[in-house]
$ cat data.pdb   # PDB, C-alpha atoms
ATOM      1  CA  GLY A   1      66.041  71.088 130.112
ATOM      2  CA  VAL A   2      67.639  73.992 131.943
ATOM      3  CA  ARG A   3      70.503  75.630 130.057
ATOM      4  CA  LEU A   4      73.019  78.226 131.257
ATOM      5  CA  VAL A   5      73.667  80.655 128.437
ATOM      6  CA  GLY A   6      76.233  83.424 128.050
ATOM      7  CA  SER A   7      79.179  84.728 126.069
ATOM      8  CA  GLU A   8      82.559  86.228 126.921
ATOM      9  CA  MET A   9      82.624  88.393 123.795
ATOM     10  CA  CYS A  10      79.856  90.986 123.938
ATOM     11  CA  ILE A  11      77.053  89.737 126.143
ATOM     12  CA  ARG A  12      78.124  90.085 129.756
ATOM     13  CA  ASP A  13      74.929  88.650 131.224
ATOM     14  CA  ARG A  14      74.395  85.076 132.320
ATOM     15  CA  PHE A  15      70.883  83.714 132.347
ATOM     16  CA  ILE A  16      69.021  80.427 132.533
ATOM     17  CA  ILE A  17      66.606  79.153 129.894
ATOM     18  CA  ASN A  18      64.048  76.497 130.689
ATOM     19  CA  ALA A  19      63.490  75.041 127.219
ATOM     20  CA  LYS A  20      62.174  71.791 125.781
ATOM     21  CA  ASN A  21      64.400  71.784 122.698
ATOM     22  CA  ASP A  22      67.015  73.715 120.731
ATOM     23  CA  ASN A  23      64.409  75.622 118.700
ATOM     24  CA  GLU A  24      63.040  77.195 121.866
ATOM     25  CA  ILE A  25      66.547  78.123 122.981
ATOM     26  CA  TYR A  26      67.382  79.855 119.699
ATOM     27  CA  GLU A  27      64.051  81.678 119.686
ATOM     28  CA  TYR A  28      64.629  82.925 123.217
ATOM     29  CA  LEU A  29      68.162  84.066 122.342
ATOM     30  CA  TYR A  30      66.912  85.834 119.224
ATOM     31  CA  LYS A  31      64.364  87.830 121.220
ATOM     32  CA  TYR A  32      66.983  88.679 123.831
ATOM     33  CA  TYR A  33      69.532  89.658 121.175
ATOM     34  CA  LYS A  34      67.074  91.830 119.244
ATOM     35  CA  LYS A  35      65.892  93.563 122.406
ATOM     36  CA  ASN A  36      69.376  94.447 123.617
ATOM     37  CA  LYS A  37      70.971  95.068 120.195
ATOM     38  CA  TYR A  38      74.515  94.456 121.346
ATOM     39  CA  TYR A  39      75.589  94.224 117.715
ATOM     40  CA  LYS A  40      74.671  97.892 117.164
ATOM     41  CA  LYS A  41      75.668  99.435 120.488
ATOM     42  CA  PRO A  42      78.254  97.222 122.196
ATOM     43  CA  LYS A  43      78.799  98.094 125.831
ATOM     44  CA  TYR A  44      82.550  97.763 125.471
ATOM     45  CA  ASN A  45      84.288  99.163 122.389
ATOM     46  CA  TYR A  46      87.073  96.614 122.538
ATOM     47  CA  CYS A  47      84.631  93.762 122.010
ATOM     48  CA  CYS A  48      82.843  95.283 119.020
ATOM     49  CA  ILE A  49      82.711  92.652 116.297
ATOM     50  CA  TYR A  50      83.204  95.212 113.528
ATOM     51  CA  GLU A  51      86.420  96.532 115.072
ATOM     52  CA  LYS A  52      87.697  92.967 115.370
ATOM     53  CA  ARG A  53      86.818  92.282 111.739
ATOM     54  CA  ALA A  54      88.706  95.370 110.619
ATOM     55  CA  ILE A  55      91.783  94.329 112.591
ATOM     56  CA  ARG A  56      91.687  90.828 111.114
ATOM     57  CA  GLU A  57      91.349  92.072 107.546
ATOM     58  CA  GLU A  58      94.212  94.508 108.106
ATOM     59  CA  GLY A  59      96.357  91.586 109.245
ATOM     60  CA  ILE A  60      95.535  89.700 106.045
ATOM     61  CA  TYR A  61      96.594  92.354 103.550
ATOM     62  CA  ASN A  62      99.652  93.301 105.620
ATOM     63  CA  MET A  63     100.828  89.676 105.606
ATOM     64  CA  ILE A  64     100.266  89.362 101.856
ATOM     65  CA  ARG A  65     102.161  92.560 101.132
ATOM     66  CA  SER A  66     105.005  91.647 103.495
ATOM     67  CA  THR A  67     105.293  88.181 101.951
ATOM     68  CA  ASN A  68     105.424  89.616  98.440
ATOM     69  CA  ASP A  69     108.066  92.173  99.519
ATOM     70  CA  GLY A  70     110.217  89.521 101.208
ATOM     71  CA  ASN A  71     109.789  91.059 104.674
ATOM     72  CA  THR A  72     108.875  87.849 106.516
ATOM     73  CA  TYR A  73     110.841  85.244 108.446
ATOM     74  CA  PHE A  74     109.694  82.574 105.960
ATOM     75  CA  GLN A  75     110.881  82.487 102.365
ATOM     76  CA  SER A  76     108.406  82.790  99.517
ATOM     77  CA  PRO A  77     108.944  82.584  95.753
ATOM     78  CA  THR A  78     106.237  85.231  95.322
ATOM     79  CA  LYS A  79     107.215  88.567  93.783
ATOM     80  CA  PHE A  80     104.541  90.498  91.906
ATOM     81  CA  ASP A  81     104.564  94.102  90.725
ATOM     82  CA  GLN A  82     100.757  94.247  90.765
ATOM     83  CA  PHE A  83      98.131  92.188  92.555
ATOM     84  CA  ILE A  84      94.947  90.846  90.980
ATOM     85  CA  TYR A  85      92.793  89.807  93.906
ATOM     86  CA  LEU A  86      89.871  87.383  94.262
ATOM     87  CA  ASP A  87      87.840  86.835  97.434
ATOM     88  CA  LEU A  88      86.054  83.478  97.163
ATOM     89  CA  GLY A  89      82.906  83.526  99.276
ATOM     90  CA  CYS A  90      82.749  87.313  99.319
ATOM     91  CA  ALA A  91      79.233  87.665 100.837
ATOM     92  CA  ASP A  92      78.299  91.379 100.758
ATOM     93  CA  GLY A  93      81.814  92.462  99.739
ATOM     94  CA  TRP A  94      82.766  94.226 102.970
ATOM     95  CA  LYS A  95      85.942  92.243 103.586
ATOM     96  CA  THR A  96      86.635  92.000  99.845
ATOM     97  CA  VAL A  97      86.876  95.767  99.520
ATOM     98  CA  LYS A  98      88.754  96.166 102.815
ATOM     99  CA  ILE A  99      91.469  93.708 101.790
ATOM    100  CA  GLY A 100      91.601  94.818  98.148
ATOM    101  CA  GLN A 101      92.061  98.470  99.061
ATOM    102  CA  GLY A 102      94.573  97.440 101.735
ATOM    103  CA  LEU A 103      96.583  95.845  98.934
ATOM    104  CA  GLY A 104      96.536  99.197  97.158
ATOM    105  CA  LEU A 105      94.135  98.093  94.423
ATOM    106  CA  GLU A 106      91.475  99.877  92.418
ATOM    107  CA  LYS A 107      88.142  98.302  91.496
ATOM    108  CA  ASN A 108      89.437  96.802  88.236
ATOM    109  CA  ASN A 109      91.752  94.469  90.215
ATOM    110  CA  ILE A 110      89.361  93.560  93.056
ATOM    111  CA  TYR A 111      87.002  90.611  92.505
ATOM    112  CA  GLY A 112      84.563  88.796  94.758
ATOM    113  CA  ALA A 113      82.759  85.546  93.990
ATOM    114  CA  ASP A 114      79.917  83.760  95.750
ATOM    115  CA  ILE A 115      77.081  81.332  95.037
ATOM    116  CA  ASN A 116      74.548  83.840  96.413
ATOM    117  CA  ASP A 117      73.782  87.431  95.503
ATOM    118  CA  TRP A 118      73.997  88.439  99.143
ATOM    119  CA  LEU A 119      71.700  91.370  99.936
ATOM    120  CA  ASP A 120      70.548  91.314  96.279
ATOM    121  CA  MET A 121      73.884  92.767  95.269
ATOM    122  CA  LYS A 122      72.956  93.908  91.763
ATOM    123  CA  HIS A 123      69.864  95.786  92.915
ATOM    124  CA  ASN A 124      70.445  96.792  96.527
ATOM    125  CA  LYS A 125      71.451 100.455  96.540
ATOM    126  CA  SER A 126      72.110 100.361 100.285
ATOM    127  CA  ASN A 127      75.175  98.162  99.747
ATOM    128  CA  LYS A 128      77.964 100.740  99.560
ATOM    129  CA  ASN A 129      80.509  98.161  98.388
ATOM    130  CA  LEU A 130      78.822  97.445  95.048
ATOM    131  CA  ASP A 131      80.771 100.005  93.045
ATOM    132  CA  LYS A 132      84.106  99.112  94.638
ATOM    133  CA  PHE A 133      84.645  95.552  93.364
ATOM    134  CA  ASN A 134      83.654  93.185  90.555
ATOM    135  CA  PHE A 135      81.158  90.503  91.558
ATOM    136  CA  ILE A 136      81.224  87.017  89.988
ATOM    137  CA  LYS A 137      78.220  84.735  90.449
ATOM    138  CA  LEU A 138      79.165  81.096  91.074
ATOM    139  CA  GLU A 139      77.019  77.972  90.870
ATOM    140  CA  MET A 140      77.329  75.129  93.341
ATOM    141  CA  ASN A 141      79.558  72.274  92.120
ATOM    142  CA  LYS A 142      80.136  73.879  88.719
ATOM    143  CA  ASN A 143      83.260  75.320  87.122
ATOM    144  CA  PHE A 144      84.039  78.934  87.928
ATOM    145  CA  PRO A 145      83.122  81.377  85.121
ATOM    146  CA  ILE A 146      86.673  82.739  85.305
ATOM    147  CA  GLU A 147      89.557  82.520  82.878
ATOM    148  CA  SER A 148      92.562  80.377  83.791
ATOM    149  CA  ASN A 149      95.716  81.811  85.395
ATOM    150  CA  LYS A 150      94.074  85.140  86.254
ATOM    151  CA  PHE A 151      94.671  85.809  89.968
ATOM    152  CA  ASN A 152      97.850  86.043  92.028
ATOM    153  CA  VAL A 153      96.104  86.635  95.379
ATOM    154  CA  VAL A 154      93.050  84.722  96.620
ATOM    155  CA  THR A 155      91.382  84.673 100.039
ATOM    156  CA  LEU A 156      89.175  81.854 101.293
ATOM    157  CA  LEU A 157      87.721  83.086 104.583
ATOM    158  CA  MET A 158      85.486  80.644 106.491
ATOM    159  CA  VAL A 159      84.276  79.096 103.234
ATOM    160  CA  LEU A 160      85.916  75.700 102.733
ATOM    161  CA  HIS A 161      83.815  73.854 105.331
ATOM    162  CA  HIS A 162      80.631  74.709 103.376
ATOM    163  CA  ILE A 163      81.873  73.253 100.056
ATOM    164  CA  THR A 164      80.123  69.996  99.184
ATOM    165  CA  ASP A 165      82.511  69.007  96.361
ATOM    166  CA  ILE A 166      85.999  69.951  97.558
ATOM    167  CA  ASP A 167      87.708  68.098  94.705
ATOM    168  CA  GLN A 168      85.975  70.161  92.032
ATOM    169  CA  TYR A 169      86.291  73.404  94.002
ATOM    170  CA  LEU A 170      90.031  73.159  94.679
ATOM    171  CA  LYS A 171      90.778  72.081  91.116
ATOM    172  CA  GLU A 172      89.008  75.225  89.942
ATOM    173  CA  LEU A 173      90.856  77.314  92.521
ATOM    174  CA  ASN A 174      94.150  75.971  91.209
ATOM    175  CA  ARG A 175      93.101  76.682  87.619
ATOM    176  CA  VAL A 176      92.282  80.364  88.131
ATOM    177  CA  MET A 177      95.475  81.112  90.088
ATOM    178  CA  ILE A 178      98.905  81.681  88.590
ATOM    179  CA  ILE A 179     102.059  79.876  89.692
ATOM    180  CA  ASN A 180     103.467  81.333  92.954
ATOM    181  CA  GLY A 181     100.162  83.096  93.633
ATOM    182  CA  LEU A 182      99.280  83.535  97.310
ATOM    183  CA  LEU A 183      96.280  81.874  98.944
ATOM    184  CA  TYR A 184      95.167  83.032 102.405
ATOM    185  CA  VAL A 185      92.780  80.650 104.213
ATOM    186  CA  ARG A 186      90.897  81.194 107.472
ATOM    187  CA  GLU A 187      88.974  78.207 108.812
ATOM    188  CA  HIS A 188      87.698  76.247 111.780
ATOM    189  CA  ASP A 189      90.400  74.116 113.386
ATOM    190  CA  ALA A 190      88.268  71.134 114.375
ATOM    191  CA  PHE A 191      89.804  67.863 115.534
ATOM    192  CA  ASP A 192      86.931  65.784 116.915
ATOM    193  CA  ASP A 193      83.158  65.420 117.224
ATOM    194  CA  ILE A 194      82.978  67.929 120.089
ATOM    195  CA  ASP A 195      84.729  70.559 117.936
ATOM    196  CA  TYR A 196      82.339  69.789 115.052
ATOM    197  CA  MET A 197      79.300  70.172 117.317
ATOM    198  CA  LEU A 198      80.508  73.499 118.738
ATOM    199  CA  ALA A 199      81.168  74.817 115.230
ATOM    200  CA  ASP A 200      77.626  73.849 114.197
ATOM    201  CA  ILE A 201      76.210  75.658 117.251
ATOM    202  CA  GLU A 202      78.275  78.716 116.328
ATOM    203  CA  HIS A 203      76.774  78.680 112.822
ATOM    204  CA  ALA A 204      73.287  78.255 114.243
ATOM    205  CA  MET A 205      73.810  81.323 116.436
ATOM    206  CA  TYR A 206      74.715  83.378 113.356
ATOM    207  CA  MET A 207      71.824  82.058 111.255
ATOM    208  CA  ARG A 208      69.057  81.817 113.823
ATOM    209  CA  VAL A 209      69.937  84.604 116.247
ATOM    210  CA  GLN A 210      72.291  87.278 114.938
ATOM    211  CA  ASN A 211      71.185  87.280 111.289
ATOM    212  CA  LYS A 212      67.678  85.834 111.527
ATOM    213  CA  ASP A 213      66.026  88.946 110.048
ATOM    214  CA  LYS A 214      68.206  88.982 106.905
ATOM    215  CA  GLU A 215      69.461  85.408 106.529
ATOM    216  CA  LYS A 216      68.184  84.080 103.211
ATOM    217  CA  SER A 217      69.449  80.523 103.382
ATOM    218  CA  ASN A 218      67.255  77.817 104.871
ATOM    219  CA  ILE A 219      68.626  76.283 108.054
ATOM    220  CA  TYR A 220      67.727  72.871 106.650
ATOM    221  CA  ASP A 221      69.958  73.454 103.607
ATOM    222  CA  TYR A 222      72.952  73.978 105.880
ATOM    223  CA  TYR A 223      76.047  71.883 105.090
ATOM    224  CA  ALA A 224      79.407  71.765 106.830
ATOM    225  CA  LYS A 225      82.405  69.450 106.918
ATOM    226  CA  TYR A 226      85.238  70.505 109.194
ATOM    227  CA  PHE A 227      88.956  69.748 109.149
ATOM    228  CA  ASP A 228      91.860  70.297 111.494
ATOM    229  CA  TRP A 229      94.877  72.244 110.235
ATOM    230  CA  ILE A 230      96.912  69.088 109.577
ATOM    231  CA  GLU A 231      94.212  67.586 107.351
ATOM    232  CA  ARG A 232      93.733  70.894 105.575
ATOM    233  CA  ASP A 233      97.443  71.360 104.833
ATOM    234  CA  THR A 234      97.568  67.848 103.371
ATOM    235  CA  ILE A 235      94.516  68.528 101.193
ATOM    236  CA  PHE A 236      95.838  71.830  99.857
ATOM    237  CA  GLU A 237      99.255  70.375  99.031
ATOM    238  CA  TYR A 238      97.549  67.618  97.046
ATOM    239  CA  TYR A 239      95.808  70.321  94.992
ATOM    240  CA  GLY A 240      99.003  72.269  94.306
ATOM    241  CA  PHE A 241      99.420  74.619  97.297
ATOM    242  CA  LYS A 242     102.339  74.566  99.742
ATOM    243  CA  LYS A 243     102.137  76.179 103.153
ATOM    244  CA  LEU A 244     104.271  79.203 104.005
ATOM    245  CA  HIS A 245     102.870  80.138 107.415
ATOM    246  CA  GLY A 246     100.023  79.348 109.798
ATOM    247  CA  ASN A 247      98.760  80.135 113.283
ATOM    248  CA  ILE A 248      95.748  79.988 115.611
ATOM    249  CA  ILE A 249      93.550  83.099 115.486
ATOM    250  CA  SER A 250      92.858  84.344 119.005
ATOM    251  CA  ASP A 251      90.968  87.354 120.378
ATOM    252  CA  SER A 252      92.648  86.877 123.730
ATOM    253  CA  ILE A 253      95.909  88.379 124.993
ATOM    254  CA  ARG A 254      96.797  84.749 125.646
ATOM    255  CA  ASN A 255      97.207  82.614 122.524
ATOM    256  CA  THR A 256      94.958  79.873 123.862
ATOM    257  CA  ALA A 257      93.356  77.135 121.778
ATOM    258  CA  LYS A 258      89.613  77.476 122.381
ATOM    259  CA  PRO A 259      87.280  74.601 121.435
ATOM    260  CA  SER A 260      85.665  76.680 118.655
ATOM    261  CA  ARG A 261      89.001  78.098 117.509
ATOM    262  CA  HIS A 262      89.832  79.363 114.039
ATOM    263  CA  ASP A 263      93.214  79.313 112.397
ATOM    264  CA  MET A 264      94.850  80.931 109.387
ATOM    265  CA  ALA A 265      97.238  79.612 106.781
ATOM    266  CA  LEU A 266      99.123  81.237 103.925
ATOM    267  CA  TYR A 267      99.898  79.019 100.924
ATOM    268  CA  TYR A 268     101.439  79.545  97.511
ATOM    269  CA  LYS A 269     100.554  77.699  94.326
ATOM    270  CA  TYR A 270     103.560  75.590  93.349
ATOM    271  CA  LYS A 271     102.114  73.554  90.489
ATOM    272  CA  ASN A 272      99.318  73.318  87.959
ATOM    273  CA  LEU A 273      97.063  70.281  88.015
TER     274      LEU A 273
END
$ encode --input "data.pdb" --output "structure tokens"
Amino acid sequence: GVRLVGSEMCIRDRFIINAKNDNEIYEYLYKYYKKNKYYKKPKYNYCCIYEKRAIREEGIYNMIRSTNDGNTYFQSPTKFDQFIYLDLGCADGWKTVKIGQGLGLEKNNIYGADINDWLDMKHNKSNKNLDKFNFIKLEMNKNFPIESNKFNVVTLLMVLHHITDIDQYLKELNRVMIINGLLYVREHDAFDDIDYMLADIEHAMYMRVQNKDKEKSNIYDYYAKYFDWIERDTIFEYYGFKKLHGNIISDSIRNTAKPSRHDMALYYKYKNL
């Protein structure tokens, strides 16, 4: 069929694709994306994805520090002299290091964990983050190789929807965190089948267009289960985390709820399981 394709973020063009199926659409978009290389030389600085990422990560560590210092409108029982930080689903460690250093930490207190050695972390000398944090290799649906009651700050950034066994994962998350430890979560805020479909298309764009040249995972191994913020708050409270604050994440000057919206939530661990 004929599809109208475009984006309000970086690609200012609108064009029509005459394609028989989704595979042809993604292949066409990949060729267009690679040719124009918007991800390397964005036409407009304010829409550069890396600048947006830096701003978001800065917001995370500022909120954690403000919460710990008591400089927020909401009350938190958290008060730590020193943070020990874990980024679950750390990927290549970019955001892990950004947040850890923003919390004022040295390498010995910055940890990242993932089920994949993204970019061959132990051997890839081009990854400049390798010597700035401690990497922990996880295995799917198995206990974390981490001692209990170790971390007082954990981030879970766009990870939860890919977890196949949430019960096991959140029990392990509870185990490795100390009482009153802070948990920052960023996730899809999906309420219905249309939201789920748009989130899947968003993932496909990352895997089959933006990161096709370096994406290791097989598109057919892809798994996702989405929640809205109400469901997610209920789930986290069941596993020992109470909510302190939450909000929709928006790149617009208007705080509008887009169909493929993300939201953030800050929790603290109030009980052991």
$ residues_around --input "data.pdb" --residues "Asp87 (chain A)" --least-positions-apart "3" --cutoff "7 Å" --atoms "all atoms listed in the file" --output "list in words"
Cys90, Thr96, Tyr111, Gly112, Ala113, Val154, Thr155 and Leu156 of chain A
$ atom_distance --input "data.pdb" --atom1 "CA of Leu170 (chain A)" --atom2 "CA of Leu182 (chain A)"
14.1 Å
$ resolve_selection --input "data.pdb" --expression "the PyMOL selection byres ((chain A and resi 267) around 9)" --output "MDAnalysis selection string"
chainID A and resid 181:185 233 236:237 241:246 265:266 268:269
$ write_last_selection --input "data.pdb" --atoms "C-alpha atoms" --output "mmCIF file, keeping the file's coordinate frame"
data_model
loop_
_atom_site.group_PDB
_atom_site.id
_atom_site.type_symbol
_atom_site.label_atom_id
_atom_site.label_comp_id
_atom_site.auth_asym_id
_atom_site.auth_seq_id
_atom_site.Cartn_x
_atom_site.Cartn_y
_atom_site.Cartn_z
ATOM 1 C CA GLY A 181 100.162 83.096 93.633
ATOM 2 C CA LEU A 182 99.280 83.535 97.310
ATOM 3 C CA LEU A 183 96.280 81.874 98.944
ATOM 4 C CA TYR A 184 95.167 83.032 102.405
ATOM 5 C CA VAL A 185 92.780 80.650 104.213
ATOM 6 C CA ASP A 233 97.443 71.360 104.833
ATOM 7 C CA PHE A 236 95.838 71.830 99.857
ATOM 8 C CA GLU A 237 99.255 70.375 99.031
ATOM 9 C CA PHE A 241 99.420 74.619 97.297
ATOM 10 C CA LYS A 242 102.339 74.566 99.742
ATOM 11 C CA LYS A 243 102.137 76.179 103.153
ATOM 12 C CA LEU A 244 104.271 79.203 104.005
ATOM 13 C CA HIS A 245 102.870 80.138 107.415
ATOM 14 C CA GLY A 246 100.023 79.348 109.798
ATOM 15 C CA ALA A 265 97.238 79.612 106.781
ATOM 16 C CA LEU A 266 99.123 81.237 103.925
ATOM 17 C CA TYR A 268 101.439 79.545 97.511
ATOM 18 C CA LYS A 269 100.554 77.699 94.326
#
$ resolve_selection --input "data.pdb" --expression "the PyMOL selection byres ((chain A and resi 195-199) around 9)" --output "tab-separated table (two decimals) with C-alpha atoms, in the coordinates of the input"
chain	number	residue	atom	x	y	z
A	188	HIS	CA	87.70	76.25	111.78
A	189	ASP	CA	90.40	74.12	113.39
A	190	ALA	CA	88.27	71.13	114.38
A	191	PHE	CA	89.80	67.86	115.53
A	192	ASP	CA	86.93	65.78	116.92
A	193	ASP	CA	83.16	65.42	117.22
A	194	ILE	CA	82.98	67.93	120.09
A	200	ASP	CA	77.63	73.85	114.20
A	201	ILE	CA	76.21	75.66	117.25
A	202	GLU	CA	78.28	78.72	116.33
A	203	HIS	CA	76.77	78.68	112.82
A	204	ALA	CA	73.29	78.26	114.24
A	224	ALA	CA	79.41	71.76	106.83
A	225	LYS	CA	82.40	69.45	106.92
A	226	TYR	CA	85.24	70.50	109.19
A	227	PHE	CA	88.96	69.75	109.15
A	259	PRO	CA	87.28	74.60	121.44
A	260	SER	CA	85.66	76.68	118.66
A	261	ARG	CA	89.00	78.10	117.51
$ resolve_selection --input "data.pdb" --expression "the PyMOL selection byres ((chain A and resi 77) around 10)" --output "JSON list (two decimals) with C-alpha atoms, in the coordinates of the input"
[["chain", "number", "residue", "atom", "x", "y", "z"],
["A", 67, "THR", "CA", 105.29, 88.18, 101.95],
["A", 68, "ASN", "CA", 105.42, 89.62, 98.44],
["A", 70, "GLY", "CA", 110.22, 89.52, 101.21],
["A", 75, "GLN", "CA", 110.88, 82.49, 102.36],
["A", 76, "SER", "CA", 108.41, 82.79, 99.52],
["A", 78, "THR", "CA", 106.24, 85.23, 95.32],
["A", 79, "LYS", "CA", 107.22, 88.57, 93.78],
["A", 80, "PHE", "CA", 104.54, 90.50, 91.91],
["A", 179, "ILE", "CA", 102.06, 79.88, 89.69],
["A", 180, "ASN", "CA", 103.47, 81.33, 92.95],
["A", 181, "GLY", "CA", 100.16, 83.10, 93.63],
["A", 182, "LEU", "CA", 99.28, 83.54, 97.31],
["A", 268, "TYR", "CA", 101.44, 79.54, 97.51],
["A", 269, "LYS", "CA", 100.55, 77.70, 94.33],
["A", 270, "TYR", "CA", 103.56, 75.59, 93.35]]
$ closest_residue --input "data.pdb" --among "A:Lys107, A:Arg65, A:Lys35, A:Lys137" --to "Val153 (chain A)" --atoms "all atoms listed in the file"
A:Arg65
$ atom_distance --input "data.pdb" --atom1 "CA of Arg186 (chain A)" --atom2 "CA of His262 (chain A)"
6.9 Å
$ atom_distance --input "data.pdb" --atom1 "CA of Gly59 (chain A)" --atom2 "CA of Asn108 (chain A)"
22.7 Å
$ closest_residue --input "data.pdb" --among "A:Lys31, A:Arg175, A:Arg232, A:Arg208" --to "Lys271 (chain A)" --atoms "all atoms listed in the file"
A:Arg175
$ axis_aligned_box --input "data.pdb" --around "region 198-210 of chain A" --padding-each-side "5 Å" --output "AutoDock Vina command-line options"
--center_x 75.1 --center_y 80.4 --center_z 115.0 --size_x 22.1 --size_y 23.8 --size_z 17.5
$ residues_around --input "data.pdb" --residues "Ile84 (chain A)" --least-positions-apart "5" --cutoff "7 Å" --atoms "all atoms listed in the file" --output "PyMOL selection string"
chain A and resi 109-110+151-153
$ residues_near_point --input "data.pdb" --point "(91.2, 77.7, 86.9)" --cutoff "12 Å" --atoms "all atoms listed in the file" --output "PyMOL selection string"
chain A and resi 142-152+168-179+239+269+272-273
$ closest_residue --input "data.pdb" --among "A:Ile115, A:Met63, A:Met158, A:Met140" --to "Gly102 (chain A)" --atoms "only C-alpha atoms"
A:Met63
$ closest_residue --input "data.pdb" --among "A:Gln101, A:Gln82, A:Asn247, A:Asn141" --to "Asn62 (chain A)" --atoms "all atoms listed in the file"
A:Gln101
